[in-house]
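Asker: Quick one: structure below, then a few questions.
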Amino acid sequence: PFTTFTHTTTTMLYSQNKNDNDNNNKPSIQIFDTLLLLVSYCIQFLGFMFSLGILLNVCGYGYRFSGLQNGIVEIDTLEHFRRDAQFQREINRSGKMMKKAEVREVVAPAMTVEEVSSSSPLLPR
């Protein structure tokens, strides 16, 4: 009896599949199914990466996307990332201070009218 039930169920499922295949041959349905599958894989991958990131943070590690400089993802301790961020802030701050100092040096001191007229060959003396 069990074999007969399985055979009947399989036959029934096969006949339903055969009817479904007639409708699934449309290109729009195949494209939609492919996109749905692609989106499903992307969401699963992002969920896995998010879970991995949380696990790294719980264990005292961090990650950042550094582009092609040091690979695509850089994984290191949280303390190292904090020190590196502080170092970058200090470099940016000192760079701004250097630019302000350069601007002060570039600005010429004010000249009096006599100095301008005596140094210019175009103005009458």
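In the structure tokens, each chain is lettered A, B, ... as it comes, each chain's residues begin at 1, and ligands are numbered from 1 in order of appearance.
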Mind checking which residues fall within 12 Å of range 73-86 of chain A, counting only C-alpha atoms, ignoring those fewer than 3 positions away in the same chain, and posting them as a list in words?
Answerer: Met49, Leu52, Gly53, Leu56, Asn57, Val58, Cys59, Gly60, Tyr61, Gly62, Tyr63, Arg64, Phe65, Ser66, Gly67, Leu68, Gln69, Asn70, Arg89, Glu90, Ile91, Asn92 and Arg93 of chain A
Asker: What's the separation between CA of Ile54 in chain A and CA of Leu38 in chain A, in Å to one decimal place?
Answerer: 24.6 Å
